[in-house]
Each structure stands twice: as C-alpha cells, then as structure tokens.
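Here is query_24.txt, consisting of compact mmCIF, N, CA and C atoms and all ligand atoms:
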# COMPACT_ATOMS: atom_id res chain seq x y z
N MET S 13 40.92 108.08 1.48
CA MET S 13 42.25 108.57 1.11
C MET S 13 42.09 109.82 0.25
N ARG S 14 43.16 110.60 0.27
CA ARG S 14 43.15 111.79 -0.57
C ARG S 14 44.26 111.67 -1.61
N LEU S 15 43.96 112.03 -2.86
CA LEU S 15 44.96 112.00 -3.93
C LEU S 15 45.24 113.43 -4.38
N LEU S 16 46.51 113.79 -4.29
CA LEU S 16 46.96 115.11 -4.75
C LEU S 16 47.90 114.85 -5.91
N LEU S 17 47.61 115.41 -7.08
CA LEU S 17 48.46 115.19 -8.26
C LEU S 17 48.85 116.54 -8.84
N VAL S 18 50.14 116.82 -8.84
CA VAL S 18 50.62 118.09 -9.39
C VAL S 18 51.75 117.85 -10.38
N THR S 19 51.89 118.78 -11.31
CA THR S 19 53.03 118.79 -12.23
C THR S 19 53.74 120.13 -12.01
N PRO S 20 54.89 120.36 -12.62
CA PRO S 20 55.53 121.65 -12.47
C PRO S 20 54.64 122.80 -12.96
N GLU S 21 53.66 122.47 -13.82
CA GLU S 21 52.84 123.51 -14.41
C GLU S 21 51.54 123.79 -13.67
N ARG S 22 50.98 122.75 -13.01
CA ARG S 22 49.63 122.93 -12.48
C ARG S 22 49.26 121.81 -11.51
N GLN S 23 48.17 122.07 -10.80
CA GLN S 23 47.58 121.01 -9.97
C GLN S 23 46.44 120.38 -10.74
N LEU S 24 46.54 119.06 -10.93
CA LEU S 24 45.52 118.35 -11.69
C LEU S 24 44.40 117.83 -10.80
N LEU S 25 44.78 117.32 -9.62
CA LEU S 25 43.81 116.66 -8.76
C LEU S 25 44.05 116.96 -7.30
N ASP S 26 42.96 117.10 -6.57
CA ASP S 26 42.99 117.08 -5.11
C ASP S 26 41.63 116.53 -4.73
N THR S 27 41.56 115.21 -4.55
CA THR S 27 40.25 114.59 -4.46
C THR S 27 40.28 113.38 -3.53
N ASP S 28 39.13 113.05 -2.97
CA ASP S 28 39.01 111.85 -2.16
C ASP S 28 38.89 110.64 -3.07
N ILE S 29 39.63 109.60 -2.79
CA ILE S 29 39.62 108.41 -3.64
C ILE S 29 39.47 107.15 -2.80
N GLU S 30 39.05 106.09 -3.50
CA GLU S 30 38.98 104.78 -2.85
C GLU S 30 40.25 103.97 -3.09
N GLU S 31 40.89 104.17 -4.26
CA GLU S 31 42.12 103.45 -4.59
C GLU S 31 42.80 104.13 -5.76
N VAL S 32 44.09 103.84 -5.92
CA VAL S 32 44.81 104.39 -7.08
C VAL S 32 45.85 103.36 -7.53
N TYR S 33 45.99 103.22 -8.85
CA TYR S 33 47.00 102.35 -9.45
C TYR S 33 47.93 103.23 -10.28
N ALA S 34 49.22 103.02 -10.15
CA ALA S 34 50.16 103.94 -10.79
C ALA S 34 51.31 103.17 -11.42
N PRO S 35 51.95 103.77 -12.45
CA PRO S 35 53.06 103.10 -13.14
C PRO S 35 54.40 103.39 -12.46
N GLY S 36 54.78 102.54 -11.54
CA GLY S 36 56.10 102.68 -10.92
C GLY S 36 57.18 102.29 -11.91
N VAL S 37 58.41 102.71 -11.66
CA VAL S 37 59.50 102.32 -12.57
C VAL S 37 59.69 100.81 -12.57
N LEU S 38 59.26 100.15 -11.50
CA LEU S 38 59.41 98.69 -11.43
C LEU S 38 58.11 97.97 -11.80
N GLY S 39 57.13 98.72 -12.26
CA GLY S 39 55.87 98.09 -12.67
C GLY S 39 54.67 98.76 -12.03
N GLN S 40 53.51 98.40 -12.52
CA GLN S 40 52.25 98.98 -12.04
C GLN S 40 51.98 98.51 -10.61
N PHE S 41 51.50 99.40 -9.74
CA PHE S 41 51.19 98.99 -8.37
C PHE S 41 49.92 99.71 -7.91
N GLY S 42 49.31 99.17 -6.87
CA GLY S 42 48.08 99.75 -6.35
C GLY S 42 48.24 100.25 -4.93
N VAL S 43 47.48 101.28 -4.59
CA VAL S 43 47.46 101.81 -3.22
C VAL S 43 46.01 101.81 -2.75
N LEU S 44 45.77 101.06 -1.69
CA LEU S 44 44.45 101.02 -1.06
C LEU S 44 44.56 101.66 0.31
N PRO S 45 43.44 102.00 0.95
CA PRO S 45 43.53 102.56 2.30
C PRO S 45 44.34 101.65 3.23
N GLU S 46 45.03 102.22 4.18
CA GLU S 46 45.86 101.48 5.15
C GLU S 46 47.17 101.00 4.54
N HIS S 47 47.48 101.49 3.37
CA HIS S 47 48.74 101.09 2.73
C HIS S 47 49.92 101.59 3.56
N VAL S 48 50.98 100.83 3.56
CA VAL S 48 52.19 101.25 4.27
C VAL S 48 52.76 102.50 3.60
N ASN S 49 53.35 103.38 4.39
CA ASN S 49 53.96 104.59 3.83
C ASN S 49 55.14 104.23 2.94
N PHE S 50 55.24 104.86 1.78
CA PHE S 50 56.41 104.63 0.93
C PHE S 50 56.53 105.70 -0.14
N LEU S 51 57.65 105.66 -0.81
CA LEU S 51 57.95 106.64 -1.86
C LEU S 51 58.54 105.87 -3.03
N THR S 52 58.06 106.15 -4.25
CA THR S 52 58.61 105.44 -5.41
C THR S 52 58.69 106.36 -6.61
N ALA S 53 59.60 106.04 -7.52
CA ALA S 53 59.72 106.80 -8.77
C ALA S 53 58.69 106.28 -9.77
N LEU S 54 58.18 107.18 -10.60
CA LEU S 54 57.19 106.80 -11.61
C LEU S 54 57.82 106.72 -12.99
N GLY S 55 57.32 105.78 -13.79
CA GLY S 55 57.70 105.70 -15.19
C GLY S 55 56.65 106.40 -16.04
N THR S 56 56.56 105.98 -17.29
CA THR S 56 55.53 106.50 -18.19
C THR S 56 54.42 105.48 -18.27
N GLY S 57 53.19 105.88 -18.00
CA GLY S 57 52.10 104.93 -18.06
C GLY S 57 50.79 105.52 -17.61
N GLU S 58 49.88 104.63 -17.27
CA GLU S 58 48.53 105.03 -16.91
C GLU S 58 48.35 105.05 -15.40
N LEU S 59 47.83 106.16 -14.89
CA LEU S 59 47.43 106.21 -13.49
C LEU S 59 45.92 106.12 -13.48
N ARG S 60 45.40 105.21 -12.69
CA ARG S 60 43.95 105.03 -12.60
C ARG S 60 43.53 105.24 -11.15
N TYR S 61 42.50 106.04 -10.94
CA TYR S 61 42.01 106.19 -9.57
C TYR S 61 40.50 106.03 -9.56
N ARG S 62 39.99 105.60 -8.42
CA ARG S 62 38.55 105.40 -8.29
C ARG S 62 38.01 106.38 -7.25
N THR S 63 37.00 107.10 -7.66
CA THR S 63 36.35 108.03 -6.74
C THR S 63 34.85 107.89 -6.92
N LYS S 64 34.13 107.78 -5.81
CA LYS S 64 32.67 107.58 -5.82
C LYS S 64 32.28 106.43 -6.74
N GLY S 65 33.10 105.37 -6.75
CA GLY S 65 32.76 104.17 -7.51
C GLY S 65 33.07 104.23 -8.99
N ALA S 66 33.63 105.33 -9.49
CA ALA S 66 33.94 105.44 -10.92
C ALA S 66 35.44 105.56 -11.13
N ASP S 67 35.93 104.91 -12.17
CA ASP S 67 37.36 104.95 -12.49
C ASP S 67 37.67 106.13 -13.40
N HIS S 68 38.84 106.72 -13.16
CA HIS S 68 39.32 107.83 -13.99
C HIS S 68 40.77 107.55 -14.37
N TYR S 69 41.18 108.06 -15.53
CA TYR S 69 42.49 107.71 -16.07
C TYR S 69 43.31 108.96 -16.36
N VAL S 70 44.61 108.87 -16.06
CA VAL S 70 45.53 109.99 -16.28
C VAL S 70 46.80 109.43 -16.90
N ALA S 71 47.29 110.06 -17.97
CA ALA S 71 48.60 109.69 -18.52
C ALA S 71 49.66 110.43 -17.70
N VAL S 72 50.59 109.68 -17.12
CA VAL S 72 51.65 110.33 -16.35
C VAL S 72 53.00 109.89 -16.91
N SER S 73 54.00 110.73 -16.64
CA SER S 73 55.35 110.39 -17.08
C SER S 73 56.37 110.99 -16.12
N GLY S 74 57.11 110.13 -15.46
CA GLY S 74 58.18 110.57 -14.58
C GLY S 74 57.67 111.21 -13.30
N GLY S 75 58.58 111.35 -12.34
CA GLY S 75 58.23 111.97 -11.07
C GLY S 75 58.21 110.95 -9.95
N VAL S 76 57.51 111.29 -8.87
CA VAL S 76 57.46 110.40 -7.71
C VAL S 76 56.03 110.31 -7.17
N LEU S 77 55.78 109.21 -6.48
CA LEU S 77 54.52 109.04 -5.75
C LEU S 77 54.87 108.71 -4.32
N GLU S 78 54.23 109.43 -3.39
CA GLU S 78 54.45 109.20 -1.97
C GLU S 78 53.14 108.83 -1.31
N VAL S 79 53.18 107.81 -0.47
CA VAL S 79 52.05 107.48 0.40
C VAL S 79 52.45 107.87 1.81
N LEU S 80 51.68 108.79 2.41
CA LEU S 80 51.95 109.21 3.78
C LEU S 80 50.62 109.20 4.52
N ASP S 81 50.42 108.15 5.30
CA ASP S 81 49.15 107.94 6.00
C ASP S 81 48.00 107.95 4.99
N ASP S 82 47.10 108.92 5.11
CA ASP S 82 45.92 108.91 4.28
C ASP S 82 46.08 109.72 2.99
N LEU S 83 47.28 110.22 2.76
CA LEU S 83 47.51 111.13 1.63
C LEU S 83 48.45 110.50 0.60
N VAL S 84 47.98 110.43 -0.65
CA VAL S 84 48.83 109.97 -1.76
C VAL S 84 49.19 111.21 -2.58
N THR S 85 50.48 111.52 -2.63
CA THR S 85 50.92 112.69 -3.38
C THR S 85 51.70 112.24 -4.61
N VAL S 86 51.28 112.72 -5.78
CA VAL S 86 52.00 112.43 -7.02
C VAL S 86 52.58 113.74 -7.54
N LEU S 87 53.90 113.78 -7.64
CA LEU S 87 54.58 114.91 -8.27
C LEU S 87 55.06 114.38 -9.61
N ALA S 88 54.33 114.67 -10.68
CA ALA S 88 54.63 114.08 -11.98
C ALA S 88 55.36 115.08 -12.87
N ASP S 89 56.27 114.59 -13.69
CA ASP S 89 56.93 115.47 -14.66
C ASP S 89 55.92 115.97 -15.69
N SER S 90 55.03 115.08 -16.14
CA SER S 90 53.91 115.51 -16.97
C SER S 90 52.71 114.63 -16.69
N ALA S 91 51.53 115.20 -16.83
CA ALA S 91 50.29 114.46 -16.55
C ALA S 91 49.14 115.12 -17.29
N GLU S 92 48.31 114.29 -17.92
CA GLU S 92 47.10 114.79 -18.57
C GLU S 92 45.98 113.78 -18.31
N SER S 93 44.80 114.29 -17.95
CA SER S 93 43.66 113.38 -17.79
C SER S 93 43.25 112.86 -19.17
N ALA S 94 42.62 111.68 -19.19
CA ALA S 94 42.21 111.07 -20.46
C ALA S 94 41.36 112.04 -21.27
N GLU S 95 40.49 112.79 -20.58
CA GLU S 95 39.54 113.68 -21.26
C GLU S 95 40.24 114.85 -21.95
N GLU S 96 41.38 115.28 -21.44
CA GLU S 96 42.01 116.46 -22.02
C GLU S 96 43.10 116.11 -23.04
N ILE S 97 43.36 114.81 -23.22
CA ILE S 97 44.40 114.43 -24.18
C ILE S 97 43.91 114.63 -25.61
N ASP S 98 44.75 115.27 -26.39
CA ASP S 98 44.51 115.43 -27.82
C ASP S 98 45.18 114.23 -28.51
N VAL S 99 44.34 113.23 -28.85
CA VAL S 99 44.89 111.97 -29.36
C VAL S 99 45.53 112.17 -30.73
N ALA S 100 44.94 113.03 -31.55
CA ALA S 100 45.52 113.27 -32.89
C ALA S 100 46.91 113.90 -32.76
N ARG S 101 47.05 114.82 -31.82
CA ARG S 101 48.36 115.44 -31.58
C ARG S 101 49.38 114.39 -31.12
N ALA S 102 48.95 113.48 -30.27
CA ALA S 102 49.86 112.44 -29.79
C ALA S 102 50.26 111.49 -30.93
N ARG S 103 49.30 111.23 -31.83
CA ARG S 103 49.59 110.35 -32.96
C ARG S 103 50.61 111.02 -33.89
N GLN S 104 50.42 112.31 -34.13
CA GLN S 104 51.37 113.04 -34.97
C GLN S 104 52.75 113.08 -34.32
N ALA S 105 52.76 113.29 -33.01
CA ALA S 105 54.05 113.34 -32.29
C ALA S 105 54.75 111.99 -32.41
N GLU S 106 53.97 110.91 -32.28
CA GLU S 106 54.58 109.58 -32.38
C GLU S 106 55.21 109.37 -33.76
N GLU S 107 54.47 109.76 -34.80
CA GLU S 107 54.98 109.60 -36.16
C GLU S 107 56.27 110.40 -36.37
N ARG S 108 56.22 111.64 -35.91
CA ARG S 108 57.39 112.51 -36.05
C ARG S 108 58.60 111.92 -35.31
N LEU S 109 58.34 111.40 -34.12
CA LEU S 109 59.43 110.86 -33.30
C LEU S 109 59.98 109.56 -33.89
N ARG S 110 59.09 108.75 -34.47
CA ARG S 110 59.57 107.51 -35.10
C ARG S 110 60.52 107.85 -36.26
N HIS S 111 60.14 108.85 -37.05
CA HIS S 111 61.00 109.25 -38.15
C HIS S 111 62.33 109.80 -37.63
N ALA S 112 62.25 110.62 -36.60
CA ALA S 112 63.47 111.21 -36.05
C ALA S 112 64.40 110.12 -35.51
N LEU S 113 63.81 109.14 -34.83
CA LEU S 113 64.64 108.06 -34.27
C LEU S 113 65.27 107.22 -35.37
N ALA S 114 64.52 107.02 -36.47
CA ALA S 114 65.02 106.20 -37.56
C ALA S 114 66.25 106.81 -38.21
N ARG S 115 66.34 108.14 -38.17
CA ARG S 115 67.49 108.75 -38.82
C ARG S 115 68.53 109.25 -37.80
N THR S 116 68.40 108.82 -36.55
CA THR S 116 69.36 109.21 -35.52
C THR S 116 70.14 107.99 -35.06
N PRO S 117 71.46 108.05 -35.04
CA PRO S 117 72.24 106.89 -34.57
C PRO S 117 71.85 106.54 -33.14
N SER S 118 71.87 105.25 -32.83
CA SER S 118 71.40 104.83 -31.50
C SER S 118 72.28 105.38 -30.38
N ASP S 119 73.53 105.72 -30.69
CA ASP S 119 74.40 106.24 -29.63
C ASP S 119 74.46 107.78 -29.63
N ALA S 120 73.58 108.42 -30.40
CA ALA S 120 73.56 109.89 -30.42
C ALA S 120 73.03 110.42 -29.08
N PRO S 121 73.50 111.60 -28.67
CA PRO S 121 73.07 112.11 -27.36
C PRO S 121 71.57 112.38 -27.26
N GLU S 122 70.91 112.66 -28.39
CA GLU S 122 69.48 112.99 -28.32
C GLU S 122 68.58 111.74 -28.34
N THR S 123 69.17 110.57 -28.60
CA THR S 123 68.34 109.37 -28.74
C THR S 123 67.51 109.04 -27.49
N PRO S 124 68.08 109.10 -26.28
CA PRO S 124 67.24 108.78 -25.11
C PRO S 124 66.05 109.73 -24.96
N ASP S 125 66.24 111.02 -25.25
CA ASP S 125 65.13 111.97 -25.14
C ASP S 125 64.05 111.69 -26.18
N LEU S 126 64.48 111.35 -27.40
CA LEU S 126 63.52 111.02 -28.45
C LEU S 126 62.73 109.77 -28.08
N ALA S 127 63.43 108.78 -27.54
CA ALA S 127 62.76 107.53 -27.16
C ALA S 127 61.77 107.78 -26.02
N ALA S 128 62.15 108.62 -25.06
CA ALA S 128 61.25 108.93 -23.95
C ALA S 128 60.02 109.68 -24.46
N ALA S 129 60.23 110.62 -25.38
CA ALA S 129 59.09 111.38 -25.94
C ALA S 129 58.17 110.45 -26.73
N LEU S 130 58.77 109.49 -27.41
CA LEU S 130 57.97 108.49 -28.14
C LEU S 130 57.10 107.70 -27.16
N GLY S 131 57.68 107.32 -26.05
CA GLY S 131 56.92 106.61 -25.02
C GLY S 131 55.76 107.44 -24.50
N ARG S 132 55.98 108.74 -24.29
CA ARG S 132 54.91 109.62 -23.82
C ARG S 132 53.79 109.72 -24.86
N ALA S 133 54.19 109.84 -26.13
CA ALA S 133 53.18 109.98 -27.20
C ALA S 133 52.33 108.70 -27.30
N ALA S 134 52.98 107.55 -27.20
CA ALA S 134 52.23 106.28 -27.28
C ALA S 134 51.31 106.14 -26.08
N ASN S 135 51.81 106.52 -24.92
CA ASN S 135 51.00 106.42 -23.70
C ASN S 135 49.79 107.34 -23.76
N ARG S 136 49.98 108.56 -24.30
CA ARG S 136 48.85 109.50 -24.41
C ARG S 136 47.76 108.93 -25.30
N GLN S 137 48.16 108.24 -26.36
CA GLN S 137 47.14 107.64 -27.23
C GLN S 137 46.37 106.57 -26.48
N ALA S 138 47.09 105.73 -25.75
CA ALA S 138 46.43 104.63 -25.02
C ALA S 138 45.49 105.19 -23.96
N VAL S 139 45.95 106.17 -23.19
CA VAL S 139 45.12 106.72 -22.12
C VAL S 139 43.99 107.57 -22.70
N GLY S 140 44.30 108.31 -23.77
CA GLY S 140 43.27 109.14 -24.41
C GLY S 140 42.11 108.30 -24.91
N ALA S 141 42.40 107.07 -25.31
CA ALA S 141 41.34 106.18 -25.81
C ALA S 141 40.38 105.79 -24.69
N ARG S 142 40.76 106.03 -23.44
CA ARG S 142 39.89 105.73 -22.30
C ARG S 142 38.84 106.81 -22.09
N ALA S 143 39.03 107.97 -22.69
CA ALA S 143 38.14 109.10 -22.41
C ALA S 143 36.70 108.73 -22.72
N GLY S 144 35.83 109.11 -21.82
CA GLY S 144 34.41 108.86 -22.04
C GLY S 144 34.00 107.43 -21.78
N ARG S 145 34.99 106.61 -21.41
CA ARG S 145 34.66 105.21 -21.16
C ARG S 145 34.84 104.85 -19.70
N ALA S 146 34.86 105.87 -18.84
CA ALA S 146 35.06 105.60 -17.41
C ALA S 146 33.97 104.65 -16.94
N ALA S 147 34.38 103.48 -16.49
CA ALA S 147 33.43 102.46 -16.09
C ALA S 147 33.09 102.61 -14.61
N THR S 148 31.83 102.39 -14.29
CA THR S 148 31.45 102.39 -12.89
C THR S 148 31.86 101.05 -12.30
N ALA S 149 32.44 101.11 -11.12
CA ALA S 149 32.94 99.88 -10.49
C ALA S 149 31.79 98.92 -10.20
N ALA S 150 32.07 97.65 -10.39
CA ALA S 150 31.08 96.63 -10.07
C ALA S 150 31.00 96.48 -8.54
N HIS S 151 29.82 96.24 -8.06
CA HIS S 151 29.69 96.07 -6.61
C HIS S 151 29.31 94.64 -6.30
P1 LIG B 201 53.99 117.49 -28.94
O1 LIG B 201 55.19 117.11 -29.76
O2 LIG B 201 52.73 116.79 -29.33
O3 LIG B 201 53.82 118.99 -28.78
P2 LIG B 201 55.59 117.26 -26.61
O4 LIG B 201 56.61 116.22 -26.86
O5 LIG B 201 55.95 118.70 -26.71
O6 LIG B 201 54.28 116.95 -27.47
P3 LIG B 201 55.75 117.04 -23.83
O7 LIG B 201 57.05 117.75 -23.95
O8 LIG B 201 55.75 115.65 -23.31
O9 LIG B 201 54.99 116.99 -25.21
O10 LIG B 201 54.71 117.92 -23.02
C1 LIG B 201 54.58 119.32 -23.22
C2 LIG B 201 53.25 119.82 -22.63
O11 LIG B 201 52.18 119.52 -23.53
C3 LIG B 201 52.87 119.19 -21.32
O12 LIG B 201 52.22 120.18 -20.55
C4 LIG B 201 51.91 118.09 -21.70
O13 LIG B 201 51.00 117.87 -20.64
C5 LIG B 201 51.22 118.67 -22.91
N1 LIG B 201 50.85 117.68 -23.93
C6 LIG B 201 51.69 117.03 -24.75
N2 LIG B 201 51.04 116.25 -25.62
C7 LIG B 201 49.72 116.40 -25.35
C8 LIG B 201 48.52 115.85 -25.92
N3 LIG B 201 48.56 114.98 -26.93
N4 LIG B 201 47.34 116.23 -25.40
C9 LIG B 201 47.29 117.12 -24.37
N5 LIG B 201 48.38 117.66 -23.78
C10 LIG B 201 49.59 117.32 -24.27
Output the file's structure as structure tokens, nothing else.
Amino acid sequence: MRLLLVTPERQLLDTDIEEVYAPGVLGQFGVLPEHVNFLTALGTGELRYRTKGADHYVAVSGGVLEVLDDLVTVLADSAESAEEIDVARARQAEERLRHALARTPSDAPETPDLAAALGRAANRQAVGARAGRAATAAH
C-alpha cells in the first residue's frame, strides 16, 4: 500500500506501508492491504504507520482519510511527525490554553476553538513522547 499524507502547508509522506492506524472521528481504526474503499473524517489523535517493519507516529488533527484501492490518502488540517514535534512548545501552548479557557465563559464564541487547540497541544505532547522510540515490529 502507499500512504500519501498532506496538509495545506506541505506534503509529509509519500511512502510504501504495510498498515496504518488513524484517529477517525468515531474512533481509532486500522487499514491493512485489501481494505474496502472508504472515506472518513479525522479527529485529533495519533496516526501510526508501519513501513519496512518499523512503526512511525504522526500527530494529526482534522481532515479526511480516503482508501482507494492500494492508495491511502490523508488530507490533514495539521500534521507533525513525532520527531519534529517541539514538546516544550506544546506544553506551553497547553498551559496558555488552559488559562484562557478558565477565564472564558463556556458559551463564548471562542471557546470551541480554544478547546480544539488544547486538544492539539495535548496530542502533540503524547505523540512527541514517541520520538526516538519507534519499535520494530515483532515477527
Ligand atoms: P502554538 O500556540 O504552540 O504556536 P498553535 O496553536 O499555533 O501552536 P496550530 O495552530 O495547531 O498551533 O498549528 C500551527 C502550525 O504550527 C502548524 O503548521 C503546526 O504543524 C505547527 N505546530 C504547532 N505546534 C507545534 C509543535 N509543538 N511542534 C511542531 N510544530 C507545531
């Protein structure tokens, strides 16, 4: 299978893979070869793919994933590989957003955006912690 992952800013991946797991809006799901064609919306979470027996991790948020025959296309609103995530920046963003949310009424128009940004910051920390720990698949 081939995995193509792009954001509005750049192309992150175009690589042959054995499998991919992604955060759908209805929960995490996996795509293996011979998967039925489908299209789904993505939430905020961890995308994991295996290539040459090794797992790799990407923080993604929003967008869609399409399976079309042998090609898995991810059009993500934002995406960063575990290795490129600045965990300290994500931690600071989370702190800033928690404070902002605490002083913003829950029905304020900016609250959903703040909450979504908080989710992205927390996810970046979780995925960033995977960097350098890519495990080789057991055979
Ligand atoms: P921050 O408040 O830390 O600047 P942000 O809320 O501006 O984050 P987003 O709006 O979600 O972040 O993303 C803006 C751009 O910055 C995107 O291209 C995203 O990939 C990148 N980005 C955001 N946070 C990080 C991070 N911790 N490490 C690496 N790239 C990041």
Legend entry - Nearest candidate to Ala94 of chain S (options S:Gly57, S:Pro45, S:Pro117, S:Gly144; using all atoms listed in the file):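 Among the listed residues, S:Gly144 lies closest to Ala94 of chain S.
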Inset, instruction - Enumerate as a PyMOL selection string the residues within 8 Å of ligand LIG 201 (chain B), counting all atoms listed in the file. - result: chain S and resi 21+89-93+95-106+109+128-130+132-133+136-137
Inset, instruction - From a DSSP calculation on the backbone, collect every residue of chain S in helix (DSSP H, G or I) and output the set as a count of residues only. - result: 37
Legend entry - Residue nearest Pro20 of chain S - candidates S:Leu59, S:Val86, S:Asn49, S:His111, atoms counted: only C-alpha atoms: S:Val86
Legend entry - Point-to-point distance in Å for atom N of Ala138 of chain S and atom CA of Arg110 of chain S: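 Taking atom CA of Arg110 of chain S and atom N of Ala138 of chain S, their separation equals 15.7 Å.
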Inset, instruction - Work out how far atom C of Leu15 of chain S is from atom CA of Val48 of chain S, in Å to one decimal. - result: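 One can read the atom CA of Val48 of chain S to atom C of Leu15 of chain S distance as 16.5 Å.
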Legend entry - Polymer residues at most 6.5 Å from Glu58 of chain S, only N, CA and C atoms, same-chain spacing of 6 or more positions, as a PyMOL selection string: chain S and resi 33-35+69-72+139
Inset, instruction - Just give me the gap between atom N of Val32 of chain S and atom CA of Tyr61 of chain S in Å, one decimal is fine. - result: 4.8 Å
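Comparing S:Ala120, S:Gly42, S:Asp28, S:Val76 by their smallest distance to Lys64 of chain S, the closest is S:Asp28 (using all atoms listed in the file).
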Inset, instruction - Select from chain S everything DSSP, run on the backbone, classes as strand (DSSP E), then give the selection as a ChimeraX atom specification. - result: /S:14-18,23-28,31-36,39-43,50-53,56-63,66-80,83-93
Inset, instruction - Tell me, as a PyMOL selection string, which residues lie within 9 Å of Leu87 of chain S, counting only C-alpha atoms; anything in the same chain fewer than 6 positions away does not count. - result: chain S and resi 16-20+74-78
Expected file: the selected residues, N, CA and C atoms, as a CSV table (one decimal), in the coordinates of the input:
chain,number,residue,atom,x,y,z
S,16,LEU,N,46.5,113.8,-4.3
S,16,LEU,CA,47.0,115.1,-4.8
S,16,LEU,C,47.9,114.8,-5.9
S,17,LEU,N,47.6,115.4,-7.1
S,17,LEU,CA,48.5,115.2,-8.3
S,17,LEU,C,48.8,116.5,-8.8
S,18,VAL,N,50.1,116.8,-8.8
S,18,VAL,CA,50.6,118.1,-9.4
S,18,VAL,C,51.8,117.8,-10.4
S,19,THR,N,51.9,118.8,-11.3
S,19,THR,CA,53.0,118.8,-12.2
S,19,THR,C,53.7,120.1,-12.0
S,20,PRO,N,54.9,120.4,-12.6
S,20,PRO,CA,55.5,121.6,-12.5
S,20,PRO,C,54.6,122.8,-13.0
S,74,GLY,N,57.1,110.1,-15.5
S,74,GLY,CA,58.2,110.6,-14.6
S,74,GLY,C,57.7,111.2,-13.3
S,75,GLY,N,58.6,111.4,-12.3
S,75,GLY,CA,58.2,112.0,-11.1
S,75,GLY,C,58.2,111.0,-10.0
S,76,VAL,N,57.5,111.3,-8.9
S,76,VAL,CA,57.5,110.4,-7.7
S,76,VAL,C,56.0,110.3,-7.2
S,77,LEU,N,55.8,109.2,-6.5
S,77,LEU,CA,54.5,109.0,-5.8
S,77,LEU,C,54.9,108.7,-4.3
S,78,GLU,N,54.2,109.4,-3.4
S,78,GLU,CA,54.4,109.2,-2.0
S,78,GLU,C,53.1,108.8,-1.3
Legend entry - Pick from S:Arg62, S:Arg142, S:Arg22, S:His68 nearest to Val43 of chain S, counting only C-alpha atoms: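 Ranked by minimum distance to Val43 of chain S, first place goes to S:Arg62.
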Legend entry - Nearest to Leu113 of chain S, chosen from S:Leu44, S:Ala127, S:Asp81, S:Leu25, with only N, CA and C atoms counted in the distances: S:Ala127
